[in-house]
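> Contents of coords_25.txt (compact mmCIF, C-alpha atoms):
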```
# COMPACT_ATOMS: atom_id res chain seq x y z
CA ALA A 1 40.78 50.06 -118.94
CA GLN A 2 41.24 52.12 -122.04
CA SER A 3 44.63 53.31 -123.24
CA VAL A 4 46.46 54.64 -126.27
CA THR A 5 50.01 54.07 -127.41
CA GLN A 6 51.83 56.39 -129.74
CA LEU A 7 54.69 54.76 -131.56
CA GLY A 8 57.65 57.07 -132.03
CA SER A 9 58.22 59.98 -129.67
CA HIS A 10 59.95 61.93 -132.44
CA VAL A 11 59.24 61.97 -136.15
CA SER A 12 61.20 64.04 -138.66
CA VAL A 13 60.11 64.66 -142.24
CA SER A 14 61.09 66.92 -145.08
CA GLU A 15 58.82 69.71 -146.17
CA GLY A 16 56.42 68.30 -148.75
CA ALA A 17 56.81 64.71 -147.56
CA LEU A 18 54.11 62.45 -146.19
CA VAL A 19 53.40 62.73 -142.48
CA LEU A 20 52.45 59.52 -140.64
CA LEU A 21 51.95 59.55 -136.87
CA ARG A 22 50.96 56.26 -135.30
CA CYS A 23 48.38 55.62 -132.61
CA ASN A 24 47.12 52.28 -131.32
CA TYR A 25 44.35 51.97 -128.79
CA SER A 26 43.13 49.44 -126.29
CA SER A 27 39.47 49.43 -125.40
CA SER A 28 36.84 46.88 -124.43
CA VAL A 29 34.08 49.05 -125.83
CA PRO A 30 33.82 50.93 -129.12
CA PRO A 31 36.32 53.75 -128.69
CA TYR A 32 35.94 57.41 -129.40
CA LEU A 33 39.32 58.70 -130.52
CA PHE A 34 40.81 62.14 -130.87
CA TRP A 35 43.94 63.75 -132.25
CA TYR A 36 45.09 67.02 -130.69
CA VAL A 37 48.00 69.28 -131.65
CA GLN A 38 50.03 71.37 -129.22
CA TYR A 39 52.27 74.21 -130.31
CA PRO A 40 55.01 75.40 -127.93
CA ASN A 41 53.69 76.97 -124.73
CA GLN A 42 50.10 76.62 -125.86
CA GLY A 43 47.12 74.46 -124.99
CA LEU A 44 45.77 71.63 -127.09
CA GLN A 45 43.79 72.16 -130.28
CA LEU A 46 41.54 69.48 -131.74
CA LEU A 47 42.62 68.22 -135.16
CA LEU A 48 39.95 65.58 -135.66
CA LYS A 49 37.89 62.95 -133.90
CA TYR A 50 36.43 59.53 -134.62
CA THR A 51 32.81 59.16 -133.60
CA SER A 52 31.96 55.92 -135.46
CA ALA A 53 30.12 57.78 -138.23
CA ALA A 54 32.93 57.16 -140.74
CA THR A 55 36.23 55.30 -140.53
CA LEU A 56 38.12 57.94 -142.51
CA VAL A 57 38.04 61.22 -140.68
CA LYS A 58 39.16 64.52 -142.14
CA GLY A 59 40.36 67.26 -139.89
CA ILE A 60 41.82 70.71 -140.00
CA ASN A 61 45.04 71.77 -141.75
CA GLY A 62 44.85 68.89 -144.23
CA PHE A 63 45.17 66.11 -141.67
CA GLU A 64 43.14 62.92 -141.74
CA ALA A 65 43.02 59.68 -139.80
CA GLU A 66 41.65 56.23 -140.50
CA PHE A 67 40.06 54.07 -137.82
CA LYS A 68 40.99 50.40 -138.29
CA LYS A 69 39.28 48.15 -135.80
CA SER A 70 41.14 45.03 -136.93
CA GLU A 71 44.45 46.74 -136.22
CA THR A 72 43.20 48.77 -133.23
CA SER A 73 44.79 51.78 -134.88
CA PHE A 74 43.96 55.41 -135.58
CA HIS A 75 46.99 56.74 -137.43
CA LEU A 76 47.23 60.41 -138.42
CA THR A 77 48.39 61.35 -141.90
CA LYS A 78 48.97 64.39 -144.06
CA PRO A 79 50.03 64.06 -147.71
CA SER A 80 52.44 66.98 -147.73
CA ALA A 81 54.15 68.41 -144.66
CA HIS A 82 54.47 72.12 -144.13
CA MET A 83 56.93 73.88 -141.87
CA SER A 84 54.02 75.12 -139.77
CA ASP A 85 53.08 71.50 -138.93
CA ALA A 86 56.02 71.26 -136.55
CA ALA A 87 54.41 70.64 -133.16
CA GLU A 88 53.55 67.90 -130.68
CA TYR A 89 50.66 65.62 -131.52
CA PHE A 90 48.59 63.67 -129.03
CA CYS A 91 46.23 60.78 -129.60
CA ALA A 92 43.50 60.34 -126.98
CA VAL A 93 40.59 58.07 -126.19
CA SER A 94 37.46 59.14 -124.34
CA ASP A 95 36.86 57.23 -121.12
CA ASN A 96 33.25 56.28 -121.67
CA GLY A 97 32.77 55.03 -118.13
CA GLY A 98 34.59 57.91 -116.48
CA TYR A 99 32.74 61.09 -117.30
CA ASN A 100 34.38 61.16 -120.72
CA LYS A 101 37.74 62.28 -119.48
CA LEU A 102 40.45 61.95 -122.09
CA ILE A 103 43.23 59.40 -121.79
CA PHE A 104 46.23 60.61 -123.76
CA GLY A 105 49.20 58.95 -125.33
CA ALA A 106 52.69 60.22 -124.58
CA GLY A 107 52.76 62.32 -127.71
CA THR A 108 54.81 62.51 -130.89
CA ARG A 109 56.96 65.52 -131.65
CA LEU A 110 56.95 66.26 -135.37
CA ALA A 111 59.90 68.12 -136.89
CA VAL A 112 59.71 69.42 -140.45
CA HIS A 113 62.94 70.38 -142.16
CA PRO A 114 63.45 72.22 -145.45
CA ASP B 1 32.94 82.62 -127.62
CA THR B 2 36.26 83.77 -126.21
CA GLY B 3 37.69 80.33 -125.51
CA VAL B 4 38.97 78.83 -122.29
CA SER B 5 41.27 81.16 -120.38
CA GLN B 6 43.71 80.37 -117.59
CA ASP B 7 45.52 82.61 -115.17
CA PRO B 8 48.37 82.98 -114.56
CA ARG B 9 50.17 81.61 -117.61
CA HIS B 10 53.37 81.11 -115.67
CA LYS B 11 54.05 80.72 -111.97
CA ILE B 12 57.40 80.33 -110.26
CA THR B 13 57.30 79.52 -106.58
CA LYS B 14 59.53 78.19 -103.86
CA ARG B 15 59.04 74.76 -102.38
CA GLY B 16 56.57 74.81 -99.55
CA GLN B 17 54.54 77.74 -100.83
CA ASN B 18 50.87 77.57 -101.78
CA VAL B 19 49.70 78.41 -105.29
CA THR B 20 46.28 78.87 -106.87
CA PHE B 21 45.37 78.72 -110.53
CA ARG B 22 42.19 79.92 -112.17
CA CYS B 23 40.31 78.59 -115.17
CA ASP B 24 37.47 80.38 -116.95
CA PRO B 25 35.64 77.96 -119.24
CA ILE B 26 33.70 78.82 -122.34
CA SER B 27 30.47 80.46 -121.34
CA GLU B 28 27.67 77.97 -120.64
CA HIS B 29 29.98 74.98 -120.71
CA ASN B 30 28.79 72.98 -117.73
CA ARG B 31 31.60 70.42 -117.74
CA LEU B 32 35.15 71.26 -116.70
CA TYR B 33 38.30 69.15 -116.46
CA TRP B 34 41.76 69.72 -115.04
CA TYR B 35 44.77 67.87 -116.45
CA ARG B 36 48.46 67.93 -115.62
CA GLN B 37 51.18 67.60 -118.23
CA THR B 38 54.77 66.94 -117.30
CA LEU B 39 57.67 67.38 -119.69
CA GLY B 40 57.63 64.87 -122.51
CA GLN B 41 54.32 63.32 -121.50
CA GLY B 42 50.71 63.59 -122.49
CA PRO B 43 48.19 65.30 -120.24
CA GLU B 44 46.92 63.26 -117.30
CA PHE B 45 43.47 63.68 -115.82
CA LEU B 46 43.24 65.31 -112.39
CA THR B 47 39.61 66.14 -111.70
CA TYR B 48 36.20 66.75 -113.24
CA PHE B 49 33.31 69.10 -112.48
CA GLN B 50 29.78 69.03 -113.73
CA ASN B 51 28.42 72.45 -112.90
CA GLU B 52 29.59 73.04 -109.31
CA ALA B 53 29.83 69.37 -108.34
CA GLN B 54 33.23 67.70 -108.31
CA LEU B 55 32.36 64.24 -109.55
CA GLU B 56 35.71 62.57 -110.06
CA LYS B 57 39.23 62.94 -108.71
CA SER B 58 42.32 61.12 -109.91
CA ARG B 59 44.67 59.34 -107.56
CA LEU B 60 47.19 61.90 -108.77
CA LEU B 61 45.30 64.51 -106.78
CA SER B 62 46.93 64.18 -103.37
CA ASP B 63 45.64 65.81 -100.21
CA ARG B 64 47.71 68.87 -101.03
CA PHE B 65 45.55 69.55 -104.07
CA SER B 66 42.08 71.01 -103.94
CA ALA B 67 39.80 72.22 -106.68
CA GLU B 68 36.59 74.17 -106.60
CA ARG B 69 34.03 75.46 -109.02
CA PRO B 70 31.71 77.78 -107.11
CA LYS B 71 28.47 78.58 -108.88
CA GLY B 72 29.47 76.34 -111.75
CA SER B 73 31.40 79.02 -113.57
CA PHE B 74 35.16 79.50 -113.14
CA SER B 75 37.27 76.93 -111.34
CA THR B 76 40.33 77.16 -109.12
CA LEU B 77 43.03 74.60 -108.46
CA GLU B 78 45.10 75.09 -105.33
CA ILE B 79 48.29 73.29 -104.43
CA GLN B 80 49.43 73.55 -100.83
CA ARG B 81 53.03 73.07 -99.68
CA THR B 82 54.32 72.75 -103.22
CA GLU B 83 57.00 70.21 -104.02
CA GLN B 84 59.45 70.14 -106.91
CA GLY B 85 57.51 67.22 -108.36
CA ASP B 86 54.52 69.52 -108.81
CA SER B 87 56.36 71.36 -111.58
CA ALA B 88 54.22 70.85 -114.68
CA MET B 89 51.77 72.45 -117.06
CA TYR B 90 48.25 72.54 -115.62
CA LEU B 91 45.59 72.47 -118.31
CA CYS B 92 41.90 73.20 -118.06
CA ALA B 93 39.29 72.05 -120.55
CA SER B 94 35.57 72.57 -120.88
CA LEU B 95 32.71 71.24 -122.96
CA ALA B 96 29.01 71.72 -123.23
CA GLY B 97 27.62 68.32 -124.07
CA SER B 98 27.48 64.97 -122.35
CA ALA B 99 28.36 62.58 -125.15
CA SER B 100 31.64 60.72 -125.35
CA THR B 101 32.22 62.30 -128.74
CA ASP B 102 31.88 65.89 -127.61
CA THR B 103 34.97 68.04 -128.00
CA GLN B 104 36.91 69.27 -125.00
CA TYR B 105 38.27 72.77 -125.54
CA PHE B 106 41.55 73.43 -123.81
CA GLY B 107 42.95 76.60 -122.32
CA PRO B 108 46.57 77.70 -122.82
CA GLY B 109 47.64 76.21 -119.51
CA THR B 110 49.49 77.43 -116.44
CA ARG B 111 53.12 76.44 -116.28
CA LEU B 112 54.25 75.91 -112.69
CA THR B 113 57.90 75.84 -111.71
CA VAL B 114 58.74 74.92 -108.13
CA LEU B 115 62.26 75.85 -107.08
```
Would you write the structure of this file as structure tokens?

Amino acid sequence: AQSVTQLGSHVSVSEGALVLLRCNYSSSVPPYLFWYVQYPNQGLQLLLKYTSAATLVKGINGFEAEFKKSETSFHLTKPSAHMSDAAEYFCAVSDNGGYNKLIFGAGTRLAVHP
Amino acid sequence: DTGVSQDPRHKITKRGQNVTFRCDPISEHNRLYWYRQTLGQGPEFLTYFQNEAQLEKSRLLSDRFSAERPKGSFSTLEIQRTEQGDSAMYLCASLAGSASTDTQYFGPGTRLTVL
């Protein structure tokens, strides 16, 4: 069975600092991985996705993630945090054998302080 | 492309009452998913439709839950005899393709509070 684990339920950074949100996956087949962002009382918006075309994936709002098979990781980074980045971030894996439903991690809440 | 819409956005009900939520997917998206998100957790899969056919249901979907997608367009999720444990955000997502890499587009969700 596929799964994802997000390390750290809360991350706090200063404005302008590096953002690093961790995601590790478990999968017996090549995974397809996604990062979504959720602002308060809103649905989920796709930040980026790994489709095996390239290990370094660039997304919206300056975010990027690197797929590392040896570490079974897909960590999300942004060089310089902005106040508007404060939100909840979810890592997900596509269930290849189950009609491609998404299996989500528990999420990481990012706080950005001045 | 107006995005996925859900109605209502908020629903407060008393325990034991029935509730129904509606999801309108992006036009021509033939695949539709329902997820449930409880406080502090990631979304969990509930059920999946391809056109009008309900092809997969999670164990989370007890007998009190039923979902439909008549004519393969909008979908409804009904909860009968609501319980306090049903309080959650109910999210709908749709996509057009069939590949594992295709993007699911999410609606804003319906937040259910059962008193």
> Each residue of chain A lying at most 9 Å from chain B should get a row with its shortest atom-to-atom pair and the distance in Å to one decimal, counting all atoms listed in the file; could you produce that, ordered by chain and increasing number, as CSV?

```
residue,atom,partner,partner_atom,distance
A:Ser9,CA,B:Gly40,CA,8.7
A:Tyr32,CA,B:Thr101,CA,6.2
A:Leu33,CA,B:Thr101,CA,8.2
A:Phe34,CA,B:Thr103,CA,8.8
A:Asn41,CA,B:Pro108,CA,7.4
A:Gln42,CA,B:Pro108,CA,4.8
A:Gly43,CA,B:Pro108,CA,3.9
A:Leu44,CA,B:Phe106,CA,5.6
A:Gln45,CA,B:Phe106,CA,7.0
A:Leu46,CA,B:Thr103,CA,7.7
A:Lys49,CA,B:Thr101,CA,7.7
A:Tyr50,CA,B:Thr101,CA,7.7
A:Thr51,CA,B:Thr101,CA,5.8
A:Phe90,CA,B:Gly42,CA,6.9
A:Cys91,CA,B:Gly42,CA,8.9
A:Ser94,CA,B:Ser100,CA,6.1
A:Asp95,CA,B:Ser100,CA,7.6
A:Asn96,CA,B:Ser100,CA,6.0
A:Gly98,CA,B:Glu56,CA,8.0
A:Tyr99,CA,B:Tyr48,CA,7.8
A:Asn100,CA,B:Ser100,CA,5.4
A:Lys101,CA,B:Phe45,CA,6.9
A:Leu102,CA,B:Phe45,CA,7.2
A:Ile103,CA,B:Glu44,CA,7.0
A:Phe104,CA,B:Gly42,CA,5.5
A:Gly105,CA,B:Gly42,CA,5.6
A:Ala106,CA,B:Gly42,CA,4.4
A:Gly107,CA,B:Gly42,CA,5.8
```
> Kindly compute an axis-aligned box around the listed atoms of region 4-10 of chain A, allowing 8 Å on each side, and express its centre and edge lengths in Å to one decimal as AutoDock Vina command-line options.

```
--center_x 53.2 --center_y 58.0 --center_z -129.4 --size_x 29.5 --size_y 23.9 --size_z 22.2
```
> Smallest atom-to-atom distance to Val4 (chain A): which of A:Ala86, A:Lys78, A:Ser73, A:Pro30, using all atoms listed in the file?
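Checking each candidate against Val4 (chain A), we get A:Ser73 as the closest.
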> What lies within 8 Å of Leu48 (chain A) using all atoms listed in the file, ignoring chain neighbours under 2 positions off, as a PDB file with C-alpha atoms, in the frame of the given file?

```
ATOM      1  CA  PHE A  34      40.810  62.140-130.870  1.00  0.00           C
ATOM      2  CA  TRP A  35      43.940  63.750-132.250  1.00  0.00           C
ATOM      3  CA  TYR A  36      45.090  67.020-130.690  1.00  0.00           C
ATOM      4  CA  LEU A  46      41.540  69.480-131.740  1.00  0.00           C
ATOM      5  CA  TYR A  50      36.430  59.530-134.620  1.00  0.00           C
ATOM      6  CA  VAL A  57      38.040  61.220-140.680  1.00  0.00           C
ATOM      7  CA  LYS A  58      39.160  64.520-142.140  1.00  0.00           C
ATOM      8  CA  GLY A  59      40.360  67.260-139.890  1.00  0.00           C
ATOM      9  CA  ILE A  60      41.820  70.710-140.000  1.00  0.00           C
ATOM     10  CA  PHE A  63      45.170  66.110-141.670  1.00  0.00           C
ATOM     11  CA  GLU A  64      43.140  62.920-141.740  1.00  0.00           C
ATOM     12  CA  ALA A  65      43.020  59.680-139.800  1.00  0.00           C
TER      13      ALA A  65
END
```
